[in-house]
Each structure stands twice: as structure tokens, then as C-alpha cells.
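J.: Data: upload-v7.txt, compact mmCIF, C-alpha atoms (C1' of nucleotides).
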# COMPACT_ATOMS: atom_id res chain seq x y z
CA MET A 1 0.00 0.00 0.00
CA LYS A 2 1.07 3.59 -0.50
CA ILE A 3 1.83 5.91 2.35
CA GLY A 4 -1.55 7.59 2.20
CA GLU A 5 -3.32 4.30 2.70
CA LEU A 6 -1.04 3.37 5.57
CA SER A 7 -1.72 6.75 7.09
CA LYS A 8 -5.48 6.19 6.81
CA GLN A 9 -5.34 2.73 8.34
CA THR A 10 -3.22 3.78 11.29
CA GLY A 11 -4.22 7.36 11.93
CA MET A 12 -0.58 8.43 11.76
CA SER A 13 0.38 11.37 9.62
CA ARG A 14 2.44 10.77 6.51
CA ASP A 15 5.21 12.79 8.04
CA THR A 16 5.29 10.65 11.12
CA ILE A 17 5.30 7.48 9.07
CA ARG A 18 8.20 8.79 7.04
CA PHE A 19 9.88 9.71 10.28
CA TYR A 20 9.53 6.15 11.58
CA GLU A 21 10.71 4.83 8.27
CA GLY A 22 13.79 7.03 8.47
CA LYS A 23 14.50 5.53 11.87
CA GLY A 24 14.40 2.09 10.34
CA MET A 25 11.30 1.02 12.21
CA LEU A 26 9.29 -0.14 9.24
CA THR A 27 9.79 -3.23 7.17
CA ASN A 28 9.24 -4.33 3.64
CA VAL A 29 9.31 -0.91 2.07
CA THR A 30 9.93 -1.22 -1.66
CA ARG A 31 9.84 0.89 -4.76
CA PRO A 32 8.10 -1.44 -7.18
CA PHE A 33 7.30 0.97 -9.99
CA GLU A 34 9.61 1.83 -12.79
CA TRP A 35 7.77 4.91 -13.97
CA ASN A 36 7.70 6.71 -10.64
CA ASN A 37 9.49 6.42 -7.35
CA TYR A 38 6.48 5.84 -5.18
CA LYS A 39 7.08 3.46 -2.34
CA ASN A 40 5.11 0.44 -1.36
CA TYR A 41 4.62 -0.27 2.32
CA GLY A 42 3.98 -3.90 3.26
CA GLU A 43 0.77 -4.68 5.13
CA GLU A 44 2.66 -5.66 8.25
CA ASN A 45 3.50 -2.02 8.83
CA VAL A 46 -0.05 -1.41 9.96
CA LYS A 47 0.63 -3.70 12.87
CA ARG A 48 4.06 -2.19 13.46
CA ILE A 49 2.61 1.24 13.80
CA GLN A 50 -0.08 0.00 16.14
CA ILE A 51 2.62 -1.58 18.25
CA ILE A 52 4.52 1.69 18.30
CA LYS A 53 1.45 3.51 19.54
CA TYR A 54 0.78 0.82 22.10
CA LEU A 55 4.27 0.78 23.53
CA GLN A 56 4.48 4.54 23.59
CA ARG A 57 1.61 4.55 26.05
CA PHE A 58 3.99 2.82 28.42
CA SER A 59 6.63 5.41 27.76
CA PHE A 60 8.76 3.20 25.56
CA ARG A 61 11.00 5.30 23.40
CA LEU A 62 11.21 4.86 19.70
CA ILE A 63 14.72 3.53 19.91
CA GLU A 64 13.64 0.86 22.34
CA ILE A 65 10.74 -0.12 20.13
CA LYS A 66 13.08 -0.27 17.19
CA GLU A 67 15.34 -2.60 19.11
CA LEU A 68 12.44 -4.94 19.74
CA PHE A 69 11.58 -4.90 16.04
CA ASP A 70 15.20 -5.54 15.16
CA GLN A 71 15.38 -8.52 17.48
CA LYS A 72 12.25 -9.90 15.92
CA ASP A 73 13.62 -9.33 12.43
CA ALA A 74 16.97 -10.90 13.20
CA ASN A 75 15.44 -13.87 14.90
CA PRO A 76 11.81 -14.27 13.86
CA ASP A 77 11.39 -17.67 15.46
CA LYS A 78 12.79 -16.86 18.83
CA CYS A 79 10.06 -15.59 21.08
CA ILE A 80 10.96 -12.32 22.71
CA ASP A 81 10.52 -12.41 26.43
CA LYS A 82 8.01 -9.61 26.63
CA SER A 83 7.61 -9.83 30.34
CA GLU A 84 11.32 -9.20 30.69
CA VAL A 85 11.04 -6.07 28.61
CA PHE A 86 8.04 -4.83 30.50
CA LYS A 87 9.62 -5.59 33.83
CA ASN A 88 12.63 -3.51 32.93
CA LYS A 89 10.39 -0.66 31.92
CA LEU A 90 8.49 -1.06 35.16
CA LYS A 91 11.67 -0.63 37.14
CA ILE A 92 12.52 2.56 35.32
CA ILE A 93 9.04 3.93 35.87
CA GLU A 94 9.22 3.10 39.54
CA LYS A 95 12.56 4.81 39.82
CA GLU A 96 11.10 7.94 38.28
CA ILE A 97 8.16 7.79 40.65
CA ASN A 98 10.55 7.54 43.56
CA GLU A 99 12.54 10.52 42.42
CA LEU A 100 9.43 12.59 42.03
CA GLN A 101 8.27 11.55 45.45
CA GLN A 102 11.57 12.68 46.89
CA THR A 103 11.04 16.03 45.25
CA ARG A 104 7.50 16.11 46.54
CA LYS A 105 8.65 15.50 50.10
CA ALA A 106 11.24 18.23 49.87
CA LEU A 107 8.63 20.63 48.52
CA LEU A 108 6.22 19.79 51.30
CA GLU A 109 8.90 20.47 53.86
CA ILE A 110 9.56 23.85 52.35
CA ILE A 111 5.90 24.74 52.29
CA ASN A 112 5.31 23.68 55.86
CA ASP A 113 8.24 25.65 57.26
CA MET B 114 34.19 39.95 39.70
CA LYS B 115 35.12 38.41 36.39
CA ILE B 116 33.43 35.36 35.04
CA GLY B 117 36.24 33.03 36.09
CA GLU B 118 35.88 34.11 39.69
CA LEU B 119 32.11 33.71 39.56
CA SER B 120 32.62 30.29 38.10
CA LYS B 121 34.98 29.33 40.91
CA GLN B 122 32.66 30.58 43.62
CA THR B 123 29.60 28.79 42.28
CA GLY B 124 31.00 25.70 40.63
CA MET B 125 29.19 26.56 37.42
CA SER B 126 31.10 26.49 34.17
CA ARG B 127 31.79 29.73 32.35
CA ASP B 128 29.63 28.53 29.51
CA THR B 129 26.71 27.89 31.76
CA ILE B 130 27.07 31.27 33.40
CA ARG B 131 27.09 32.93 30.01
CA PHE B 132 24.09 30.84 29.12
CA TYR B 133 22.18 32.11 32.14
CA GLU B 134 23.34 35.61 31.39
CA GLY B 135 22.00 35.30 27.85
CA LYS B 136 18.65 34.29 29.32
CA GLY B 137 18.63 37.47 31.34
CA MET B 138 18.90 35.68 34.67
CA LEU B 139 21.84 37.60 36.03
CA THR B 140 21.95 41.13 37.30
CA ASN B 141 24.40 43.95 37.48
CA VAL B 142 26.63 42.84 34.66
CA THR B 143 28.75 45.73 33.50
CA ARG B 144 31.71 46.43 31.29
CA PRO B 145 33.70 48.80 33.41
CA PHE B 146 37.00 48.84 31.55
CA GLU B 147 37.78 51.07 28.65
CA TRP B 148 40.82 49.17 27.47
CA ASN B 149 39.10 45.79 27.10
CA ASN B 150 35.59 44.50 26.97
CA TYR B 151 35.76 42.24 29.96
CA LYS B 152 32.60 42.08 31.97
CA ASN B 153 32.12 42.58 35.64
CA TYR B 154 29.60 40.41 37.44
CA GLY B 155 28.10 41.84 40.61
CA GLU B 156 28.53 39.84 43.80
CA GLU B 157 24.81 39.14 44.04
CA ASN B 158 25.14 36.78 41.12
CA VAL B 159 26.77 34.23 43.37
CA LYS B 160 23.52 34.06 45.28
CA ARG B 161 21.48 34.06 42.09
CA ILE B 162 23.30 31.05 40.79
CA GLN B 163 22.92 29.26 44.07
CA ILE B 164 19.21 29.94 43.91
CA ILE B 165 19.10 28.58 40.38
CA LYS B 166 20.77 25.38 41.54
CA TYR B 167 18.48 25.15 44.51
CA LEU B 168 15.27 25.61 42.57
CA GLN B 169 16.37 23.24 39.84
CA ARG B 170 16.45 20.49 42.44
CA PHE B 171 12.70 20.98 42.66
CA SER B 172 12.39 20.79 38.92
CA PHE B 173 11.85 24.48 38.41
CA ARG B 174 12.65 25.43 34.87
CA LEU B 175 14.99 28.25 34.06
CA ILE B 176 12.19 30.35 32.67
CA GLU B 177 10.25 30.03 35.88
CA ILE B 178 13.29 30.96 37.92
CA LYS B 179 13.84 33.93 35.66
CA GLU B 180 10.28 35.05 36.27
CA LEU B 181 10.87 34.99 39.99
CA PHE B 182 14.01 37.06 39.55
CA ASP B 183 12.17 39.47 37.32
CA GLN B 184 9.41 39.93 39.87
CA LYS B 185 11.98 40.60 42.51
CA ASP B 186 13.78 43.08 40.28
CA ALA B 187 10.62 44.91 39.30
CA ASN B 188 9.38 45.09 42.85
CA PRO B 189 12.24 44.58 45.28
CA ASP B 190 10.23 45.53 48.35
CA LYS B 191 7.26 43.31 47.74
CA CYS B 192 7.79 39.94 49.27
CA ILE B 193 7.16 37.17 46.81
CA ASP B 194 4.75 34.60 48.12
CA LYS B 195 7.11 31.70 47.93
CA SER B 196 4.66 29.24 49.34
CA GLU B 197 2.34 30.02 46.45
CA VAL B 198 5.07 29.28 43.96
CA PHE B 199 6.05 26.07 45.68
CA LYS B 200 2.46 24.98 46.00
CA ASN B 201 1.95 25.35 42.29
CA LYS B 202 5.06 23.34 41.63
CA LEU B 203 3.85 20.72 44.08
CA LYS B 204 0.63 20.30 42.12
CA ILE B 205 2.53 19.76 38.90
CA ILE B 206 4.81 17.22 40.54
CA GLU B 207 1.84 15.38 41.97
CA LYS B 208 0.19 15.30 38.59
CA GLU B 209 3.30 13.78 37.08
CA ILE B 210 3.42 11.20 39.86
CA ASN B 211 -0.18 10.30 39.15
CA GLU B 212 0.47 9.85 35.47
CA LEU B 213 3.45 7.63 36.14
CA GLN B 214 1.41 5.59 38.57
CA GLN B 215 -1.23 5.07 35.90
CA THR B 216 1.48 3.81 33.61
CA ARG B 217 2.81 1.61 36.37
CA LYS B 218 -0.59 0.05 36.93
CA ALA B 219 -1.02 -0.67 33.26
CA LEU B 220 2.41 -2.24 33.12
CA LEU B 221 1.68 -4.42 36.13
CA GLU B 222 -1.50 -5.64 34.50
CA ILE B 223 0.39 -6.62 31.39
CA ILE B 224 3.05 -8.44 33.34
CA ASN B 225 0.56 -10.34 35.43
CA ASP B 226 -1.49 -11.53 32.48
C1' DA C 227 -5.86 20.31 -20.31
C1' DT C 228 -5.83 21.69 -15.91
C1' DA C 229 -6.53 21.51 -11.02
C1' DA C 230 -6.54 18.84 -6.91
C1' DA C 231 -4.63 15.30 -4.51
C1' DC C 232 -0.92 12.50 -3.98
C1' DC C 233 4.12 11.20 -3.62
C1' DA C 234 9.39 11.86 -2.53
C1' DT C 235 13.38 14.35 -0.49
C1' DA C 236 15.75 17.48 2.23
C1' DG C 237 16.11 20.59 5.67
C1' DA C 238 14.36 23.89 9.14
C1' DC C 239 11.93 24.36 13.42
C1' DT C 240 9.78 23.33 18.32
C1' DA C 241 11.31 22.98 23.70
C1' DT C 242 15.07 22.18 27.38
C1' DG C 243 19.59 22.94 29.46
C1' DG C 244 23.33 23.15 28.51
C1' DT C 245 28.31 21.95 26.06
C1' DC C 246 31.79 22.65 22.65
C1' DC C 247 34.20 25.04 18.99
C1' DA C 248 36.28 28.74 16.31
C1' DT C 249 37.87 33.24 16.19
C1' DG C 250 40.14 36.92 18.03
C1' DG C 251 41.53 40.01 21.71
C1' DT C 252 43.95 40.60 26.51
C1' DC C 253 46.72 39.75 30.43
C1' DA C 254 50.33 37.76 33.48
C1' DA C 255 54.55 35.11 34.19
C1' DG C 256 58.99 33.75 32.80
C1' DC D 257 58.73 38.22 23.83
C1' DT D 258 56.35 34.46 23.89
C1' DT D 259 53.40 31.11 26.06
C1' DG D 260 49.53 29.98 28.66
C1' DA D 261 45.52 31.41 30.90
C1' DC D 262 41.76 34.25 30.58
C1' DC D 263 37.90 36.83 28.20
C1' DA D 264 34.02 37.81 24.54
C1' DT D 265 30.97 36.50 20.66
C1' DG D 266 28.45 33.66 17.73
C1' DG D 267 27.00 29.52 16.18
C1' DA D 268 26.83 24.43 15.97
C1' DC D 269 25.56 20.33 18.43
C1' DC D 270 23.18 16.69 21.84
C1' DA D 271 18.55 14.02 22.76
C1' DT D 272 13.28 13.44 21.79
C1' DA D 273 9.35 12.98 18.71
C1' DG D 274 7.71 14.76 15.67
C1' DT D 275 5.72 18.99 12.44
C1' DC D 276 6.05 22.08 8.60
C1' DT D 277 7.81 24.00 4.39
C1' DA D 278 9.85 24.07 -0.15
C1' DT D 279 10.63 21.93 -4.37
C1' DG D 280 9.46 19.05 -7.90
C1' DG D 281 7.37 15.02 -9.97
C1' DT D 282 2.83 11.98 -10.67
C1' DT D 283 -1.78 10.60 -10.77
C1' DT D 284 -6.68 11.24 -10.91
C1' DA D 285 -10.84 13.52 -11.82
C1' DT D 286 -13.33 16.95 -14.35
Let me see the structure of the file written as C-alpha cells.
T.:
Amino acid sequence: MKIGELSKQTGMSRDTIRFYEGKGMLTNVTRPFEWNNYKNYGEENVKRIQIIKYLQRFSFRLIEIKELFDQKDANPDKCIDKSEVFKNKLKIIEKEINELQQTRKALLEIIND
Amino acid sequence: MKIGELSKQTGMSRDTIRFYEGKGMLTNVTRPFEWNNYKNYGEENVKRIQIIKYLQRFSFRLIEIKELFDQKDANPDKCIDKSEVFKNKLKIIEKEINELQQTRKALLEIIND
DNA sequence: ATAAACCATAGACTATGGTCCATGGTCAAG
DNA sequence: CTTGACCATGGACCATAGTCTATGGTTTAT
């Protein structure tokens, strides 16, 4: 499908899709026409983009998501230990929460002085 | 004092001091010499920079710190209601904590499925 | 045939808090 | 008198996740 179709099916802007593509996060992007240089985006990119959106909700960064895709591409049969990935992210989130709570405490002390 | 001295007394790099200066966060910066264009930084900038460091620990942004300085400069006699400022910051911090806790919950649900 | 809609590429721009570099002038010690 | 340390200015660069614009080519509908 062309980029416009992919954009429609995912709700992502063309620019954003091109941005992801530039980061190497999409797969099976070809240029099948001889008379123009339009690209063709494989169907599986719909799912990829949905995964990007999904993981971003958990504050995964694009580079991390790309790494997951790369692992999958390099080793399609090996099942990625998702729970491992999510557990790592959980730890980071909890660390951030802790830091903010430290800040909160300090602020409360200031206010109550 | 010259910038090197200010740097020594505060532990901030020259570049950072110039950066703050460019943001208009310093005061009483003059060019008192006719034979060169070296600047003179008033003593009160030591305190200013300490305040910057202090407020940054509570995740104040430079622009917010600058606003506080500007208020003080415009109205040196009026006491700034610090507790108001800190309370506002507290609310923002608490909102961020809440958002992270939402994310944490969602992550926990994924992991435990 | 012409306009609207589409496609590609490259680069600039946003916020944040700096850091680093190049250029050129000045000052202090040996 | 020269070297090293200091000073000033301006601009480039870092990460992050895009957005927007310019330019030019293509396709589709009227």
C-alpha cells in the first residue's frame, strides 16, 4: 500500500510514518514501480505502527521499540521475552516515581516551614 | 568579579554562566573597563546562581526561575509569596506522579497476564 | 488540459539545558 | 617576547518525537 493508505489505516500522519521509516522502524518498504518512485509499504507495517502507539503509552522510546523490532527481524522464530522487557520498563518507571516523590517530600517540607 | 571568579565561587562552568546571562537571569553585569571589553559580574550573582541550583532540584525550569528574579527586580520591596510558587510546583509534581502511577498500573496488569 | 490530490526528499523548526568550537583580543609570568 | 591562561561572541551540536515547508514530480478527476 502507498503511504496515504497506511496513514489512513493507522491514523498516523504521513510525516510521522516517514519519520519512523527514516528511523528504520518499518519493514518491507519497496519501490516497485519503474515509472515513478512511489514506495510500497507492506501490510505488516499497519501492525508495526499499532505496536509503536501501544508501547508509547507505556513510555517506551522509539529507539527501544526499534530494538524490539530488530530482534524480531533478526530472529523471527525466537520468542521475545516480553515480560522481561516490561519488567525492565516497570523498574525505570518506579525509579522515576521515587525521584518525584523525593522532590514532593522536599517541597512539602519547604511549604510547611 | 570576572566570570572566572564567579565560576569558581559557584562551581558553574563559564559557559553555563554565560548561558544564564543570555537568558537574562543575572543582574548587574557591566563592562567597566575602557581598554578591554571584559565584563564585571556583581557579587549578588553568586547568590542568584545558588538559587538557580536550589530551585532546579525541585524541577523548576529556568524560565520560571527567571520570572521569579524578574518579579523581585521589578518590585524589590514586595515579598514574593514563595509558598504560592512552591504549592503550584507541588501540584505539577503530583500530577506527574499520578500519570506515572497510571502507567505503572497498566504495566503491572500486562506483566501479570 | 488543468486543477486537486498525492508522492518523494531534504532541511528547518519546536522545547530544554546546557556543552563545545572557532575566532580573536587581553593579560600575566617567565 | 612568547606562552599559557583568561575573556568575549556567535553559532553548531546533543537528545526526543515529531511537524512544517519548499521543491518538484505523478496521478486522478473533471
J.: I need the chain C residues near chain A as a ChimeraX atom specification; criterion: at most 8 Å, counting only C-alpha atoms (C1' of nucleotides).
T.: /C:232-234
J.: Give me, as a PDB file with C-alpha atoms, in the frame of the given file, all polymer residues having an atom no more than 10 Å from Gly11 of chain A, counting all atoms listed in the file and skipping those fewer than 4 positions away in the same chain.
T.:
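Full text of out_29.pdb as output:
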ATOM      1  CA  GLU A   5      -3.320   4.300   2.700  1.00  0.00           C
ATOM      2  CA  LEU A   6      -1.040   3.370   5.570  1.00  0.00           C
ATOM      3  CA  SER A   7      -1.720   6.750   7.090  1.00  0.00           C
ATOM      4  CA  ILE A  17       5.300   7.480   9.070  1.00  0.00           C
ATOM      5  CA  VAL A  46      -0.050  -1.410   9.960  1.00  0.00           C
ATOM      6  CA  ILE A  49       2.610   1.240  13.800  1.00  0.00           C
ATOM      7  CA  GLN A  50      -0.080   0.000  16.140  1.00  0.00           C
TER       8      GLN A  50
END
J.: Near chain A, meaning an atom within 9 Å, which residues of chain D appear when counting all atoms listed in the file? Write them as a PDB file with C-alpha atoms (C1' of nucleotides), in the frame of the given file.
T.:
ATOM      1  C1'  DT D 272      13.280  13.440  21.790  1.00  0.00           C
ATOM      2  C1'  DA D 273       9.350  12.980  18.710  1.00  0.00           C
ATOM      3  C1'  DG D 274       7.710  14.760  15.670  1.00  0.00           C
ATOM      4  C1'  DT D 275       5.720  18.990  12.440  1.00  0.00           C
ATOM      5  C1'  DG D 281       7.370  15.020  -9.970  1.00  0.00           C
ATOM      6  C1'  DT D 282       2.830  11.980 -10.670  1.00  0.00           C
TER       7       DT D 282
END
J.: One decimal, in Å: what's the spacing between atom CA of Arg170 of chain B and atom CA of Arg217 of chain B?
T.: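 So the two atoms, atom CA of Arg170 of chain B and atom CA of Arg217 of chain B, lie 24.1 Å apart.
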J.: Tell me, in Å to one decimal, how far atom C1' of DC263 of chain D is from atom CA of Ile178 of chain B.
T.: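 Distance between the two atoms: 27.1 Å.
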J.: At a cut-off of 10 Å, can you tabulate as a tab-separated table every residue of chain B near chain A together with its closest atom pair and the distance in Å to one decimal, using all atoms listed in the file and ordering rows by chain then number?
T.:
residue	atom	partner	partner_atom	distance
B:Arg170	CA	A:Thr103	CA	7.6
B:Phe171	CA	A:Thr103	CA	5.8
B:Ser172	CA	A:Thr103	CA	8.0
B:Lys195	CA	A:Ile111	CA	8.3
B:Ser196	CA	A:Ile111	CA	5.5
B:Glu197	CA	A:Ile111	CA	8.6
B:Val198	CA	A:Ile111	CA	9.5
B:Phe199	CA	A:Leu107	CA	6.7
B:Lys200	CA	A:Ile111	CA	7.2
B:Lys202	CA	A:Leu107	CA	8.2
B:Leu203	CA	A:Arg104	CA	6.4
B:Lys204	CA	A:Arg104	CA	9.2
B:Ile205	CA	A:Arg104	CA	9.8
B:Ile206	CA	A:Arg104	CA	6.7
B:Glu207	CA	A:Arg104	CA	7.3
B:Glu209	CA	A:Leu100	CA	8.0
B:Ile210	CA	A:Ile97	CA	5.9
B:Asn211	CA	A:Ile97	CA	8.8
B:Glu212	CA	A:Ile97	CA	9.5
B:Leu213	CA	A:Ile97	CA	6.5
B:Gln214	CA	A:Ile97	CA	7.4
B:Gln215	CA	A:Phe58	CA	9.4
B:Thr216	CA	A:Phe58	CA	5.8
B:Arg217	CA	A:Leu90	CA	6.4
B:Lys218	CA	A:Leu90	CA	9.3
B:Ala219	CA	A:Phe58	CA	7.8
B:Leu220	CA	A:Leu90	CA	6.5
B:Leu221	CA	A:Leu90	CA	7.7
B:Ile223	CA	A:Phe86	CA	7.9
B:Ile224	CA	A:Ser83	CA	5.6
B:Asn225	CA	A:Ser83	CA	8.7
B:Asp226	CA	A:Ser83	CA	9.5
J.: Separation of atom C1' of DC253 of chain C and atom C1' of DA268 of chain D, in Å?
T.: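 Atom-to-atom, atom C1' of DC253 of chain C and atom C1' of DA268 of chain D are spaced 29.0 Å apart.
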J.: Using all atoms listed in the file, which of the listed residues (C:DG256, C:DG243, C:DA238, C:DA227) sits closest to Phe173 of chain B?
T.: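 Checking each candidate against Phe173 of chain B, we get C:DG243 as the closest.
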J.: Determine, counting all atoms listed in the file, every residue of protein, DNA or RNA that lies within 8 Å of (11.2, 23.1, 4.2) in the file coordinates, then give the result as a PyMOL selection string.
T.: (chain C and resi 236-238) or (chain D and resi 276-278)
J.: I'd like the box whose edges run along x, y and z of the file and which contains every listed atom of segment 236-241 of chain C, padded by 4 Å per side; could you state its centre and edge lengths in Å, one decimal, as AutoDock Vina command-line options?
T.:
--center_x 12.9 --center_y 20.9 --center_z 13.0 --size_x 14.3 --size_y 14.9 --size_z 29.5
J.: So which residues fall inside 12 Å of (38.2, 33.0, 20.5) if we count all atoms listed in the file? Mind giving them as number ranges by chain?
T.: C: 247-252; D: 262-266
